[in-house]
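*Asks:* Quick one: this structure, given as structure tokens, is what I'll be asking you about.
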Amino acid sequence: MEPDVVVAGAGHNSLITACYLAKAGLRVLVVEANPVPGGGCVTEELLLPGYEIDSCATGHTLIRTNPVLADDELGLVADHGIAYVDPDPVAHVGFPDGGHFTMSLDREATIAEFGRFSKADGDAYARLLAEYDDVKHVFARAQHTPAGLGPSLDQLLAEHPRARIWQRRRMLSAWDVIRTEFESREARAFLLWMAFQTNQAMDVPGTGMLAYSIVSGRQQRSWSILRGGSGRLTDALVAYLEERGGEVRCGEPVARLLLEDGRCVGVETEAGARYRASRAVVSSIHVSHLIDMAPRQTWPEEFDYAIRTYDVGIPGFGVYCLSDLPPVFETQDGPRTSVSAGTVGWPEDVLRLGFDLRHGRFVTDVPWLLVATPTLVDPGRAPEGGHTVKLLSHQVYEPPGGLDAWPEAKAAHAARQLEHLRRYTPSFTDEHILAMLVKSPADFEAANRHMVHGTFHGGDRGLAQSGPNRPAPGWAAHRMPFPGLYQTGATTNPGGSITGIPGRNAARVVLADLGIDPDAVLCAGGTIATGATTEPPA
Ligand SMILES: Cc1cc2nc3c(=O)[nH]c(=O)nc-3n(C[C@H](O)[C@H](O)[C@H](O)COP(=O)(O)OP(=O)(O)OC[C@H]3O[C@@H](n4cnc5c(N)ncnc54)[C@H](O)[C@@H]3O)c2cc1C
């Protein structure tokens with residue numbers, strides 16, 4: 001029987017959309033290019049049996065406040081075993097001179113850590129948290145409201161007593177904010193390390209909020225780790241969908257949109273299979289690919305222009321290690337381990353890195369490194385005593401010599417990164433590394449076509465591509481230029497990371513357009529449109 005809705009792509013966002021639509025009683029078919037669902041939210045035995053590696057995302061801090069989990073609107077916590085660990089320390093970072101910064105879940109301890117470098121910086125951090133606490137509900141409401149379905153961020157901010165400060169702040173760069181508020185190079189370097197995890201260059205206007213939002217979220221619930229690995233979220237979403245008659249078909253890349261009388265009525269796969277939908281098509285195909293799935297002249301000129309000028313963002317580079325000990329950071333205050341750890345250069349090094357990346361200069365040093373070791377708090381991901389360690393950084397899409405040069409270039413770059421890391425973690429030697437895999441930006445792109453050029457977050461999140469401009473001015477409310485076609489995923493507001501926000505927002509728009517009350521579905525428990533309860537089948 002023809003499904004009501006066909007969803008192209010099975011990342012966490014489009015699965016969330018699919019689940020809400022299924023909750024409303026709609027028949028949903030998801031068509032996924034990869035052999036497994038999940039996109040950037042997967043856990044796989046990439047190297048050795050028994051070692052469960054988060055191939056992409058590990059930290060889930062952002063989705064914790066999404067009502068999909070905060071209010072358990074799909075029963076993923078109650079019925080599907082979703083459970084988080086909030087690691088403490090929150091983060092540990094080494095500086096070029098051998099100094100370090102350790103962030104704790106205890107707010108006062110973190111203030112004291114800033115105070116080690118400057119009393120004024122301790123005060124500045126306390127002020128940063130308090131000021132953001134006072135306004136974060138405004139930003140959250142704007143993010144959870146599809147463009148045009150409620151007041152805009154500007155309208156919401158205007159009602160805040162400190163509107164003028166925040167209006168300026170969000171137009172500034174993260175670096176502008178950090179250097180205005182903090183004086184020591186250690187505080188500045190630590191905050192840049194934190195904010196650069198979004199893969200946004202730190203001196204670009206419009207990144208100012210990153211100086212507040214990331215560190216504030218981490219102070220509350222650390223770099224939240226999903227017990228068992230990121231892939232458990234995907235498993236839970238697929239199970240929810242299947243329990244409600246939905247289906248996920250993997251290994252079927254979508255190549256074309258089916259258009260009839262200007263309306264999108266389904267998709268066609270690369271193998272020629274046609275999947276028609278009686279009511280709607282939802283896509284999480286990257287917008288720069290989506291536009292090639294219908295004749296170019298059928299898209300409005302403004303949409304075409306927005307996609308031609310769409311900046312896919314800064315690519316990533318990854319080194320995956322299995323080891324029999326975690327990276328232990330030696331400091332003058334004793335050894336430290338942290339699920340989220342790393343090293344960072346001084347502010348000028350991080351700013352230069354952002355500039356180089358944006359202008360295509362291959363990175364040959366290590367000014368910024370994230371070292372993720374989830375097995376420190378979730379040991380069940382590896383055989384006893386074993387660890388999964390992931391080194392993440394940024395890199396350009398093409399090394400000198402072109403894409404064919406990646407095999408050699410990535411091995412050399414990984415070796416440089418490990419040598420650098422060992423200045424801080426001397427015991428993390430080759431003898432303790434049981435297996436290793438290096439992924440270049442081209443490898444990330446090959447593993448997930450949504451990660452164009454090996455970028456992680458669906459496109460740059462600067463002013464030109466955020467809020468009502470994402471993915472294109474005029475098409476930010478998840479409705480695409482062809483009636484019947486909706487877009488979700490990281491190319492829609494508010495962008496990438498494991499937030500589930502694009503997924504839930506897209507569900508709201510589709511439901512409303514289909515004449516189903518979204519508030520009856522986007523809620524805990526709730527009733528489906530036909531009036532039946534949404535209790536999982538016995
Ligand atoms: C190494 C790495 C580490 C990361 N770490 C973190 C982290 O710790 N925390 C965090 O919040 N974020 C992290 N991210 C980013 C995060 O994984 C992504 O931003 C997030 O997965 C985006 O979710 P999505 O649902 O929008 O899209 P995706 O997860 O990219 O899913 C899109 C899906 O659509 C499918 N698809 C694309 N085109 C087609 C087509 N033509 N036909 C059919 N299917 C198609 C893809 O195969 C994919 O399954 C990381 C990413 C990487 C790569």
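Within each chain, counting starts at residue 1; across the structure tokens, chains are named A, B, ... in the order shown, with ligands numbered 1 upward in that order.
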Using DSSP on the backbone, list every residue of stretch 96-220 of chain A that comes out as strand (DSSP E), and give them as a list in words.

*Replies:*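 Of stretch 96-220 of chain A, the ones in strand (DSSP E) are His100, Phe101, Thr102 and Met103 of chain A.
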
*Asks:* May I have the residues from that selection written out with N, CA and C atoms, as a short mmCIF file (atom, residue, chain, number, x, y, z; two decimals), in the first residue's frame?

*Replies:*
data_model
loop_
_atom_site.label_atom_id
_atom_site.label_comp_id
_atom_site.auth_asym_id
_atom_site.auth_seq_id
_atom_site.Cartn_x
_atom_site.Cartn_y
_atom_site.Cartn_z
N HIS A 100 47.25 23.81 31.91
CA HIS A 100 46.02 23.09 31.58
C HIS A 100 44.81 23.77 32.20
N PHE A 101 43.64 23.37 31.72
CA PHE A 101 42.37 23.86 32.26
C PHE A 101 41.45 22.66 32.40
N THR A 102 40.88 22.48 33.59
CA THR A 102 39.93 21.39 33.79
C THR A 102 38.58 21.99 34.19
N MET A 103 37.57 21.67 33.41
CA MET A 103 36.22 22.16 33.71
C MET A 103 35.46 21.08 34.46
#

*Asks:* Quick one: residues within 7 Å of A:Gly246, only C-alpha atoms, excluding same-chain residues fewer than 3 positions away - as JSON, numbers by chain?

*Replies:* {"A": [22, 27, 28, 29, 241, 242]}

*Asks:* Please write the residues from the selection above to a file, keeping C-alpha atoms, as a compact mmCIF listing (two decimals), in the first residue's frame.

*Replies:*
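What landed in result.txt:
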# COMPACT_ATOMS: atom_id res chain seq x y z
CA ALA A 22 3.85 7.79 12.64
CA ARG A 27 2.06 5.39 7.24
CA VAL A 28 5.75 6.30 6.82
CA LEU A 29 8.44 4.80 4.60
CA LEU A 241 8.71 3.76 13.94
CA GLU A 242 8.46 0.05 13.19

*Asks:* Nearest residue to A:Asp443 out of A:Gly458, A:Phe317, A:Ala415, A:Leu47, using only C-alpha atoms?

*Replies:*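 The closest residue to A:Asp443 is A:Phe317.
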
*Asks:* Counting only C-alpha atoms, which residue out of A:Val319, A:Val77, A:Val371, A:Ala57 sits closest to A:Met436?

*Replies:*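 Checking each of A:Val319, A:Val77, A:Val371, A:Ala57 against A:Met436, counting only C-alpha atoms, the winner is A:Val319.
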
*Asks:* When DSSP is applied to the backbone of this structure, which of stretch 68-292 of chain A are assigned alpha helix (DSSP H)? Write them out as a PyMOL selection string.

*Replies:* chain A and resi 68-70+76-80+107-117+119-143+153-158+163-171+174-181+185-195+210-221+231-243+287-290

*Asks:* Compile the contact shell of A:Ala211 as a ChimeraX atom specification: residues with an atom at most 12 Å away, counting only C-alpha atoms, same-chain residues fewer than 6 positions apart removed.

*Replies:* /A:125,128-129,132,169-170,172-182,187-198,200,202-203,217-218

*Asks:* To one decimal in Å, tell me the separation between atom CA of A:Pro315 and atom CA of A:Ser288.

*Replies:*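 Distance between the two atoms: 15.6 Å.
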
*Asks:* I'd like the neighbourhood of A:Ile82 as a PyMOL selection string, where a residue qualifies if any of its atoms comes within 9 Å (using only C-alpha atoms), though same-chain residues fewer than 3 positions away should be ignored.

*Replies:* chain A and resi 69+76-79+226-227+232-233+236

*Asks:* Near A:Ala280, counting only C-alpha atoms, which residues have an atom at most 7 Å away, once you skip same-chain residues fewer than 6 positions from it, shown as a list in words?

*Replies:*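 Close residues of A:Ala280: Asp4, Val5, Val6, Val265, Gly484 and Leu485 of chain A.
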
*Asks:* Would you mind exporting all heavy atoms of the selected residues as a short mmCIF file (atom, residue, chain, number, x, y, z; two decimals), in the first residue's frame?

*Replies:*
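Result saved to result_8.cif:
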data_model
loop_
_atom_site.label_atom_id
_atom_site.label_comp_id
_atom_site.auth_asym_id
_atom_site.auth_seq_id
_atom_site.Cartn_x
_atom_site.Cartn_y
_atom_site.Cartn_z
N ASP A 4 1.70 7.18 3.30
CA ASP A 4 1.29 8.59 3.32
C ASP A 4 2.49 9.48 3.08
O ASP A 4 2.39 10.50 2.40
CB ASP A 4 0.68 8.93 4.70
CG ASP A 4 -0.60 8.18 4.96
OD1 ASP A 4 -1.51 8.26 4.13
OD2 ASP A 4 -0.68 7.50 6.00
N VAL A 5 3.61 9.12 3.72
CA VAL A 5 4.79 9.98 3.67
C VAL A 5 6.02 9.13 3.33
O VAL A 5 6.22 8.06 3.92
CB VAL A 5 5.03 10.68 5.04
CG1 VAL A 5 6.24 11.61 4.96
CG2 VAL A 5 3.79 11.45 5.48
N VAL A 6 6.82 9.63 2.39
CA VAL A 6 8.13 9.02 2.13
C VAL A 6 9.19 9.98 2.67
O VAL A 6 9.12 11.19 2.42
CB VAL A 6 8.35 8.78 0.62
CG1 VAL A 6 9.80 8.44 0.34
CG2 VAL A 6 7.45 7.65 0.13
N VAL A 265 5.66 14.12 -5.55
CA VAL A 265 4.77 13.01 -5.17
C VAL A 265 5.55 11.76 -4.78
O VAL A 265 4.95 10.71 -4.51
CB VAL A 265 3.78 12.66 -6.31
CG1 VAL A 265 2.82 13.81 -6.56
CG2 VAL A 265 4.55 12.29 -7.59
N GLY A 484 4.32 19.76 -1.37
CA GLY A 484 4.43 18.34 -1.03
C GLY A 484 5.83 17.94 -0.60
O GLY A 484 6.03 16.85 -0.06
N LEU A 485 6.83 18.81 -0.82
CA LEU A 485 8.22 18.47 -0.46
C LEU A 485 8.67 19.30 0.73
O LEU A 485 8.55 20.54 0.73
CB LEU A 485 9.17 18.74 -1.64
CG LEU A 485 10.66 18.48 -1.36
CD1 LEU A 485 10.92 17.00 -1.07
CD2 LEU A 485 11.52 18.94 -2.56
#
